[in-house]
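The structure appears right after this line, and notes come after that.
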Amino acid sequence: MKVDVLLGLQWGDEGKGKIVDVLAPKYDVVARFQGGPNAGHTLEFDGIKHVLHQIPSGIFRPSAKNVIGNGVVLDPIIFKIEIEKLQKYNLKVKDNLFISKKATLIIPTHRLLDQAYEKAKGDNKIGSTLKGIGPSYVDKVSRQGLRVGDILAADFKTRFQKLVNQHFEILKNHDIPYNWAELETQFLDAVSFLKEFKLIDSEYFLNQELKNGSSVLAEGAQGSLLDIDFGSYPFVTSSNTVTAGACTGLGLAPKHIGEVYGIFKAYSTRVGSGPFPTELLDAEGEKMRKEGNEFGSTTGRPRRCGWIDLPALKYSIMINGVSQLLMMKADVLSIFETIKVCTHYQLEDGSVTEIMPYEIVHEKITPIYTELKGWNVPIQGISESNIPVELSHYVDFLEKALQVPITFISTGPDRTQTIHRKTK
């Protein structure tokens, strides 16, 4: 069997949680391969709306094994809160959730450092979620971080205190208020709770699942344009959000990769700072935000909104090896009589390109648009046979430009409001 990968192609918030939930019945295993509680994957079904931050989105499917991979940074406190919120659904979480011993721990001082560093940047802040993601990855790379498996060690508290003391040395130079006694108690209580779960050598577990013939879906967080290497640096996350990250974040060889599902919105959004060539800073952008309820599922911050960006999408498709496209939130564009598609960028020197420039942060980019007629009718929950002709034209235009089939169209937030297209 192959490992299929599902990831976002824009700046995150594309709707990955819903699609993992839709696809999960096809898979025996759903595995998160990077990111942490800065991600928010929203699922809606049977009148329930639930946001997952660290737990894989297959958790609501009783038959699926869910793995938190080694590439994830795990906050035990947020993990405990997540699990407690799931209890009312009577899920067999302790039976179906497996956590890599090699996943890096986020400790309370990581969150404090995140606040301190972001505050120190002033007007140049990157828009961090302040969940401690960056500082925890820094400790991982500098080889001083703590991992999930360490909580089983007899001297864990000593290791924990050593790292905390290092963080305190940095924090004394920043004016960040905190109650350490309260934070420490909360953390150690959450660590005790974490010990009740199946802590595994996930690379052996997943490779054995493949040998046994299990189907595996690797679930990414954030989006490709936030990748630490290939995103709009420095306005990026701290991990590899692209397909290659599924290999390093789960311990799977590249030869095992099968389908690559690339998820994108029918328009574009971004949370926090950083370049956004097609951003709408007018009433049209506000209209899009309101219709799409574009507020961060993790932070609650309003998302910046704009038209779809094909140069950016082509770039993401290329670096990920996308084999299928899934278009989300098509229903949001139903309120527009005319829909714009950015096909090229005009740069400061007057040249026109469809390539993402290296200096996307500093380059003055003017998007070049093609206009298409909107469908201007409600489409929530429609079937493929009822797709308005204008929506079909929009999909055909995108498929021709991107040269990858669009196999799913989301027409609403519920798992049932999804069209699985019969591609040509």
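Following the order of the structure tokens, chains are lettered A, B, ..., residues in each are numbered from 1, and ligands are numbered from 1.
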
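All residues of protein, DNA or RNA that reach within 12 Å of Thr185 (chain A), judged by only C-alpha atoms and not counting those fewer than 5 positions away in the chain, are Ile77, Ile107, Pro108, Lys157, Asn179, Trp180, Ala190, Val191 and Ser192 of chain A.
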
Take the residues from that selection and put them in a file with N, CA and C atoms, as a compact mmCIF listing (two decimals), in the first residue's frame.
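Result file is result_29.txt:
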```
# COMPACT_ATOMS: atom_id res chain seq x y z
N ILE A 77 -0.66 20.30 27.72
CA ILE A 77 -1.79 21.02 28.32
C ILE A 77 -2.93 21.14 27.32
N ILE A 107 6.74 23.11 26.21
CA ILE A 107 6.59 23.34 27.64
C ILE A 107 6.16 24.79 27.86
N PRO A 108 5.64 25.14 29.03
CA PRO A 108 5.08 26.48 29.23
C PRO A 108 6.02 27.62 28.90
N LYS A 157 11.75 15.11 35.44
CA LYS A 157 11.59 16.42 36.09
C LYS A 157 12.92 17.18 36.14
N ASN A 179 2.80 33.42 36.07
CA ASN A 179 2.76 32.76 37.37
C ASN A 179 3.34 31.36 37.17
N TRP A 180 4.64 31.20 37.45
CA TRP A 180 5.29 29.94 37.11
C TRP A 180 4.74 28.76 37.91
N ALA A 190 -0.72 17.64 33.15
CA ALA A 190 -1.00 17.23 31.77
C ALA A 190 -0.05 16.12 31.32
N VAL A 191 1.20 16.16 31.78
CA VAL A 191 2.17 15.12 31.46
C VAL A 191 1.72 13.78 32.05
N SER A 192 1.22 13.79 33.27
CA SER A 192 0.70 12.57 33.89
C SER A 192 -0.47 12.02 33.08
```

Surrounding residues of Val216 (chain A) excluding itself and chain neighbours under 6 positions, 12 Å, only C-alpha atoms, as a PDB file with N, CA and C atoms, in the first residue's frame:
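Full text of out35.pdb as output:
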```pdb
ATOM      1  N   MET A   1       0.840  -1.201   0.000  1.00  0.00           N
ATOM      2  CA  MET A   1       0.000   0.000   0.000  1.00  0.00           C
ATOM      3  C   MET A   1       0.874   1.250   0.000  1.00  0.00           C
ATOM      4  N   LYS A   2       0.303   2.337  -0.488  1.00  0.00           N
ATOM      5  CA  LYS A   2       0.985   3.625  -0.517  1.00  0.00           C
ATOM      6  C   LYS A   2       0.438   4.541   0.585  1.00  0.00           C
ATOM      7  N   VAL A   3       1.237   5.550   0.892  1.00  0.00           N
ATOM      8  CA  VAL A   3       0.805   6.585   1.834  1.00  0.00           C
ATOM      9  C   VAL A   3       0.321   7.779   1.023  1.00  0.00           C
ATOM     10  N   ASP A   4      -0.948   8.108   1.139  1.00  0.00           N
ATOM     11  CA  ASP A   4      -1.472   9.303   0.472  1.00  0.00           C
ATOM     12  C   ASP A   4      -1.267  10.498   1.394  1.00  0.00           C
ATOM     13  N   VAL A   5      -0.965  11.638   0.799  1.00  0.00           N
ATOM     14  CA  VAL A   5      -0.666  12.841   1.570  1.00  0.00           C
ATOM     15  C   VAL A   5      -1.718  13.901   1.279  1.00  0.00           C
ATOM     16  N   LEU A   6      -2.207  14.534   2.315  1.00  0.00           N
ATOM     17  CA  LEU A   6      -3.179  15.608   2.173  1.00  0.00           C
ATOM     18  C   LEU A   6      -2.615  16.856   2.835  1.00  0.00           C
ATOM     19  N   VAL A  20     -10.089  15.582   5.476  1.00  0.00           N
ATOM     20  CA  VAL A  20      -9.585  14.369   6.138  1.00  0.00           C
ATOM     21  C   VAL A  20     -10.765  13.573   6.685  1.00  0.00           C
ATOM     22  N   LEU A  23     -12.471  11.846   3.785  1.00  0.00           N
ATOM     23  CA  LEU A  23     -11.684  10.769   3.191  1.00  0.00           C
ATOM     24  C   LEU A  23     -11.376   9.634   4.166  1.00  0.00           C
ATOM     25  N   ALA A  24     -11.455   9.905   5.466  1.00  0.00           N
ATOM     26  CA  ALA A  24     -11.011   8.941   6.483  1.00  0.00           C
ATOM     27  C   ALA A  24     -11.602   7.541   6.338  1.00  0.00           C
ATOM     28  N   PRO A  25     -12.881   7.384   5.915  1.00  0.00           N
ATOM     29  CA  PRO A  25     -13.405   6.020   5.780  1.00  0.00           C
ATOM     30  C   PRO A  25     -12.617   5.141   4.810  1.00  0.00           C
ATOM     31  N   LYS A  26     -11.847   5.760   3.906  1.00  0.00           N
ATOM     32  CA  LYS A  26     -11.033   5.000   2.950  1.00  0.00           C
ATOM     33  C   LYS A  26      -9.737   4.498   3.571  1.00  0.00           C
ATOM     34  N   TYR A  27      -9.387   5.004   4.756  1.00  0.00           N
ATOM     35  CA  TYR A  27      -8.058   4.749   5.309  1.00  0.00           C
ATOM     36  C   TYR A  27      -8.119   4.039   6.660  1.00  0.00           C
ATOM     37  N   ASP A  28      -7.117   3.192   6.872  1.00  0.00           N
ATOM     38  CA  ASP A  28      -6.991   2.494   8.144  1.00  0.00           C
ATOM     39  C   ASP A  28      -6.262   3.351   9.176  1.00  0.00           C
ATOM     40  N   VAL A  29      -5.395   4.244   8.680  1.00  0.00           N
ATOM     41  CA  VAL A  29      -4.569   5.061   9.560  1.00  0.00           C
ATOM     42  C   VAL A  29      -4.560   6.506   9.061  1.00  0.00           C
ATOM     43  N   VAL A  30      -4.741   7.470   9.963  1.00  0.00           N
ATOM     44  CA  VAL A  30      -4.586   8.894   9.661  1.00  0.00           C
ATOM     45  C   VAL A  30      -3.470   9.413  10.567  1.00  0.00           C
ATOM     46  N   ALA A  31      -2.436  10.028   9.967  1.00  0.00           N
ATOM     47  CA  ALA A  31      -1.261  10.432  10.736  1.00  0.00           C
ATOM     48  C   ALA A  31      -0.905  11.893  10.490  1.00  0.00           C
ATOM     49  N   ARG A  32      -0.813  12.681  11.557  1.00  0.00           N
ATOM     50  CA  ARG A  32      -0.334  14.076  11.478  1.00  0.00           C
ATOM     51  C   ARG A  32       1.182  14.068  11.412  1.00  0.00           C
ATOM     52  N   PHE A  33       1.762  14.832  10.473  1.00  0.00           N
ATOM     53  CA  PHE A  33       3.210  14.751  10.303  1.00  0.00           C
ATOM     54  C   PHE A  33       3.991  15.998  10.686  1.00  0.00           C
ATOM     55  N   GLY A  58      -8.982  12.138  11.744  1.00  0.00           N
ATOM     56  CA  GLY A  58      -9.703  10.877  11.586  1.00  0.00           C
ATOM     57  C   GLY A  58     -10.258  10.349  12.897  1.00  0.00           C
ATOM     58  N   ALA A  64     -10.622   4.128  12.273  1.00  0.00           N
ATOM     59  CA  ALA A  64      -9.306   4.678  11.921  1.00  0.00           C
ATOM     60  C   ALA A  64      -8.371   4.734  13.125  1.00  0.00           C
ATOM     61  N   LYS A  65      -7.130   4.311  12.903  1.00  0.00           N
ATOM     62  CA  LYS A  65      -6.069   4.528  13.884  1.00  0.00           C
ATOM     63  C   LYS A  65      -5.489   5.915  13.607  1.00  0.00           C
ATOM     64  N   ASN A  66      -5.291   6.694  14.649  1.00  0.00           N
ATOM     65  CA  ASN A  66      -4.806   8.067  14.495  1.00  0.00           C
ATOM     66  C   ASN A  66      -3.440   8.214  15.155  1.00  0.00           C
ATOM     67  N   VAL A  67      -2.486   8.726  14.381  1.00  0.00           N
ATOM     68  CA  VAL A  67      -1.106   8.815  14.860  1.00  0.00           C
ATOM     69  C   VAL A  67      -0.652  10.280  14.879  1.00  0.00           C
ATOM     70  N   PHE A 205       5.799   1.564  13.824  1.00  0.00           N
ATOM     71  CA  PHE A 205       4.349   1.330  13.778  1.00  0.00           C
ATOM     72  C   PHE A 205       3.796   1.549  12.371  1.00  0.00           C
ATOM     73  N   LEU A 206       4.144   2.677  11.763  1.00  0.00           N
ATOM     74  CA  LEU A 206       3.589   3.014  10.449  1.00  0.00           C
ATOM     75  C   LEU A 206       4.132   2.112   9.349  1.00  0.00           C
ATOM     76  N   ASN A 207       5.410   1.808   9.403  1.00  0.00           N
ATOM     77  CA  ASN A 207       5.971   0.921   8.378  1.00  0.00           C
ATOM     78  C   ASN A 207       5.405  -0.491   8.496  1.00  0.00           C
ATOM     79  N   GLN A 208       5.116  -0.912   9.715  1.00  0.00           N
ATOM     80  CA  GLN A 208       4.485  -2.224   9.890  1.00  0.00           C
ATOM     81  C   GLN A 208       3.053  -2.206   9.371  1.00  0.00           C
ATOM     82  N   GLU A 209       2.349  -1.093   9.599  1.00  0.00           N
ATOM     83  CA  GLU A 209       0.987  -0.968   9.052  1.00  0.00           C
ATOM     84  C   GLU A 209       1.007  -1.115   7.534  1.00  0.00           C
ATOM     85  N   LEU A 210       1.995  -0.492   6.887  1.00  0.00           N
ATOM     86  CA  LEU A 210       2.112  -0.611   5.424  1.00  0.00           C
ATOM     87  C   LEU A 210       2.386  -2.057   5.018  1.00  0.00           C
ATOM     88  N   ALA A 246       6.123  14.884   5.094  1.00  0.00           N
ATOM     89  CA  ALA A 246       5.435  13.667   5.511  1.00  0.00           C
ATOM     90  C   ALA A 246       6.427  12.527   5.721  1.00  0.00           C
ATOM     91  N   LEU A 250       7.120  11.411   9.679  1.00  0.00           N
ATOM     92  CA  LEU A 250       6.500  10.133  10.042  1.00  0.00           C
ATOM     93  C   LEU A 250       7.476   8.963   9.967  1.00  0.00           C
ATOM     94  N   LEU A 252       8.765   7.696   7.032  1.00  0.00           N
ATOM     95  CA  LEU A 252       8.380   6.892   5.876  1.00  0.00           C
ATOM     96  C   LEU A 252       9.255   7.234   4.679  1.00  0.00           C
ATOM     97  N   HIS A 256       7.165   5.294  -0.652  1.00  0.00           N
ATOM     98  CA  HIS A 256       5.831   4.918  -0.176  1.00  0.00           C
ATOM     99  C   HIS A 256       4.749   5.957  -0.510  1.00  0.00           C
ATOM    100  N   ILE A 257       5.149   7.128  -0.982  1.00  0.00           N
ATOM    101  CA  ILE A 257       4.162   8.187  -1.245  1.00  0.00           C
ATOM    102  C   ILE A 257       3.314   7.840  -2.469  1.00  0.00           C
ATOM    103  N   GLY A 258       1.996   7.945  -2.316  1.00  0.00           N
ATOM    104  CA  GLY A 258       1.065   7.661  -3.409  1.00  0.00           C
ATOM    105  C   GLY A 258       0.413   8.933  -3.912  1.00  0.00           C
ATOM    106  N   GLU A 259      -0.892   9.047  -3.705  1.00  0.00           N
ATOM    107  CA  GLU A 259      -1.611  10.256  -4.127  1.00  0.00           C
ATOM    108  C   GLU A 259      -1.217  11.436  -3.239  1.00  0.00           C
TER     109      GLU A 259
END
```

Please build the interface table for region 39-109 of chain A against region 129-147 of chain A with a cut-off of 10 Å, listing for each qualifying residue the nearest atom pair and the distance in Å to one decimal; count only C-alpha atoms, order rows by chain and increasing number, and write it as JSON lines.
```
{"residue": "A:Ala39", "atom": "CA", "partner": "A:Thr129", "partner_atom": "CA", "distance": 9.1}
{"residue": "A:Asn70", "atom": "CA", "partner": "A:Arg147", "partner_atom": "CA", "distance": 9.0}
{"residue": "A:Gly71", "atom": "CA", "partner": "A:Tyr137", "partner_atom": "CA", "distance": 9.7}
{"residue": "A:Val72", "atom": "CA", "partner": "A:Tyr137", "partner_atom": "CA", "distance": 9.5}
{"residue": "A:Val73", "atom": "CA", "partner": "A:Ile133", "partner_atom": "CA", "distance": 7.0}
{"residue": "A:Leu74", "atom": "CA", "partner": "A:Arg147", "partner_atom": "CA", "distance": 8.8}
{"residue": "A:Asp75", "atom": "CA", "partner": "A:Lys131", "partner_atom": "CA", "distance": 8.6}
{"residue": "A:Ile78", "atom": "CA", "partner": "A:Lys131", "partner_atom": "CA", "distance": 9.6}
{"residue": "A:Ser100", "atom": "CA", "partner": "A:Arg147", "partner_atom": "CA", "distance": 9.0}
{"residue": "A:Lys101", "atom": "CA", "partner": "A:Arg147", "partner_atom": "CA", "distance": 6.5}
{"residue": "A:Lys102", "atom": "CA", "partner": "A:Arg147", "partner_atom": "CA", "distance": 5.6}
{"residue": "A:Ala103", "atom": "CA", "partner": "A:Arg147", "partner_atom": "CA", "distance": 5.5}
{"residue": "A:Thr104", "atom": "CA", "partner": "A:Arg147", "partner_atom": "CA", "distance": 4.3}
{"residue": "A:Leu105", "atom": "CA", "partner": "A:Arg147", "partner_atom": "CA", "distance": 5.1}
{"residue": "A:Ile106", "atom": "CA", "partner": "A:Ser136", "partner_atom": "CA", "distance": 5.7}
{"residue": "A:Ile107", "atom": "CA", "partner": "A:Ser136", "partner_atom": "CA", "distance": 7.9}
{"residue": "A:Pro108", "atom": "CA", "partner": "A:Gly132", "partner_atom": "CA", "distance": 7.9}
{"residue": "A:Thr109", "atom": "CA", "partner": "A:Gly132", "partner_atom": "CA", "distance": 7.9}
```

Give me every strand (DSSP E) residue in region 186-362 of chain A, going by DSSP on the backbone, as a ChimeraX atom specification. /A:198-200,216-219,257-265,268-270,304-306,308-309,324-328,338-346,352-353

Pick out the closest residue to Thr248 (chain A) from this set: A:Thr343, A:Gln115, A:Ser202, A:Gln380. Count only C-alpha atoms.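 Of all the options, A:Ser202 lies closest to Thr248 (chain A).
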
So the first atom is CA of Leu281 (chain A) and the second is CA of Tyr369 (chain A); what is the distance between them in Å, to one decimal place?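 Computed distance, CA of Leu281 (chain A) to CA of Tyr369 (chain A), equals 16.1 Å.
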
Per DSSP on the backbone, filter region 236-282 of chain A down to the residues in alpha helix (DSSP H) and report them as a ChimeraX atom specification. /A:243-250

Could you take the residues named above and write them with N, CA and C atoms, as a PDB file, in the first residue's frame?
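The resulting file, result-v3.pdb, is shown below:
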```
ATOM      1  N   THR A 243       5.009  17.980   0.961  1.00  0.00           N
ATOM      2  CA  THR A 243       4.967  16.518   0.913  1.00  0.00           C
ATOM      3  C   THR A 243       6.200  15.878   1.535  1.00  0.00           C
ATOM      4  N   ALA A 244       7.381  16.465   1.281  1.00  0.00           N
ATOM      5  CA  ALA A 244       8.612  15.904   1.841  1.00  0.00           C
ATOM      6  C   ALA A 244       8.545  15.831   3.358  1.00  0.00           C
ATOM      7  N   GLY A 245       7.803  16.744   3.976  1.00  0.00           N
ATOM      8  CA  GLY A 245       7.658  16.751   5.432  1.00  0.00           C
ATOM      9  C   GLY A 245       6.926  15.524   5.950  1.00  0.00           C
ATOM     10  N   ALA A 246       6.123  14.884   5.094  1.00  0.00           N
ATOM     11  CA  ALA A 246       5.435  13.667   5.511  1.00  0.00           C
ATOM     12  C   ALA A 246       6.427  12.527   5.721  1.00  0.00           C
ATOM     13  N   CYS A 247       7.496  12.526   4.937  1.00  0.00           N
ATOM     14  CA  CYS A 247       8.521  11.482   5.085  1.00  0.00           C
ATOM     15  C   CYS A 247       9.322  11.691   6.366  1.00  0.00           C
ATOM     16  N   THR A 248       9.813  12.910   6.577  1.00  0.00           N
ATOM     17  CA  THR A 248      10.619  13.175   7.776  1.00  0.00           C
ATOM     18  C   THR A 248       9.766  13.233   9.038  1.00  0.00           C
ATOM     19  N   GLY A 249       8.500  13.617   8.889  1.00  0.00           N
ATOM     20  CA  GLY A 249       7.622  13.762  10.048  1.00  0.00           C
ATOM     21  C   GLY A 249       6.945  12.487  10.489  1.00  0.00           C
ATOM     22  N   LEU A 250       7.120  11.411   9.679  1.00  0.00           N
ATOM     23  CA  LEU A 250       6.500  10.133  10.042  1.00  0.00           C
ATOM     24  C   LEU A 250       7.476   8.963   9.967  1.00  0.00           C
TER      25      LEU A 250
END
```

Give me the residues near Ile406 (chain A) as an NGL selection string, where near means some atom within 12 Å (using only C-alpha atoms) and where sequence neighbours in that chain fewer than 4 positions away do not count. :A and (261-266 or 322-328 or 392 or 394-402 or 410 or 419-424)

Would you mind exporting the chosen residues as an mmCIF file, in the first residue's frame, restricted to C-alpha atoms?
```cif
data_model
loop_
_atom_site.group_PDB
_atom_site.id
_atom_site.type_symbol
_atom_site.label_atom_id
_atom_site.label_comp_id
_atom_site.auth_asym_id
_atom_site.auth_seq_id
_atom_site.Cartn_x
_atom_site.Cartn_y
_atom_site.Cartn_z
ATOM 1 C CA TYR A 261 -4.166 15.699 -2.362
ATOM 2 C CA GLY A 262 -3.677 19.451 -2.648
ATOM 3 C CA ILE A 263 -6.369 21.516 -0.931
ATOM 4 C CA PHE A 264 -7.087 25.116 -1.864
ATOM 5 C CA LYS A 265 -9.842 27.635 -1.339
ATOM 6 C CA ALA A 266 -11.741 29.002 -4.335
ATOM 7 C CA VAL A 322 0.112 17.216 -6.363
ATOM 8 C CA SER A 323 -1.913 14.569 -8.202
ATOM 9 C CA GLN A 324 -5.436 15.688 -7.212
ATOM 10 C CA LEU A 325 -6.861 19.085 -6.324
ATOM 11 C CA LEU A 326 -9.670 19.706 -3.851
ATOM 12 C CA MET A 327 -11.403 23.083 -4.033
ATOM 13 C CA MET A 328 -12.946 24.351 -0.817
ATOM 14 C CA SER A 392 -18.268 24.511 -14.142
ATOM 15 C CA TYR A 394 -14.566 28.341 -13.221
ATOM 16 C CA VAL A 395 -13.448 24.786 -12.416
ATOM 17 C CA ASP A 396 -12.543 24.088 -16.054
ATOM 18 C CA PHE A 397 -10.531 27.327 -16.218
ATOM 19 C CA LEU A 398 -8.573 26.388 -13.101
ATOM 20 C CA GLU A 399 -7.974 22.809 -14.239
ATOM 21 C CA LYS A 400 -6.642 23.971 -17.593
ATOM 22 C CA ALA A 401 -4.317 26.512 -15.952
ATOM 23 C CA LEU A 402 -3.112 24.217 -13.173
ATOM 24 C CA SER A 410 -16.752 21.679 -1.158
ATOM 25 C CA ILE A 419 -19.052 16.911 -4.483
ATOM 26 C CA HIS A 420 -16.759 14.070 -5.586
ATOM 27 C CA ARG A 421 -16.356 14.834 -9.292
ATOM 28 C CA LYS A 422 -16.144 12.240 -12.009
ATOM 29 C CA THR A 423 -13.089 13.633 -13.754
ATOM 30 C CA LYS A 424 -12.573 13.192 -17.484
#
```

Would you compute the distance between CA of Glu390 (chain A) and CA of Ile19 (chain A)? Give it in Å to one decimal.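 About the pair CA of Glu390 (chain A) and CA of Ile19 (chain A): they are 24.0 Å apart.
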
Nearest candidate to Ser239 (chain A) (options A:Pro357, A:Gly36, A:His174, A:Val22; using only C-alpha atoms): A:Gly36

One number please: CA of Ser63 (chain A) to CA of Lys92 (chain A), in Å, one decimal.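 Spanning CA of Ser63 (chain A) to CA of Lys92 (chain A) is a straight-line distance of 9.9 Å.
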
Contacts of Val236 (chain A) at 10 Å or less, counting only C-alpha atoms, minus same-chain residues fewer than 6 places along, as a CSV table (one decimal) with C-alpha atoms, in the first residue's frame?
```csv
chain,number,residue,atom,x,y,z
A,11,TRP,CA,-1.3,30.1,3.5
A,126,ILE,CA,5.3,37.7,12.0
A,127,GLY,CA,1.9,37.2,13.4
A,128,SER,CA,2.7,34.2,15.6
A,222,GLN,CA,-0.8,25.0,7.9
A,223,GLY,CA,-0.1,25.5,4.1
A,224,SER,CA,2.7,25.1,1.6
A,225,LEU,CA,3.3,28.8,1.3
A,226,LEU,CA,4.1,28.8,5.1
A,227,ASP,CA,6.8,26.1,4.7
A,228,ILE,CA,10.0,27.0,6.5
A,229,ASP,CA,12.1,26.5,3.3
A,230,PHE,CA,9.7,27.3,0.5
A,272,GLY,CA,-1.0,37.3,10.3
A,273,SER,CA,1.7,39.3,8.6
A,274,GLY,CA,3.5,38.6,5.3
```

Residue contacts of Pro302 (chain A) (9 Å, only C-alpha atoms) excluding same-chain residues fewer than 6 positions away, as a ChimeraX atom specification: /A:271-272,289,293-296
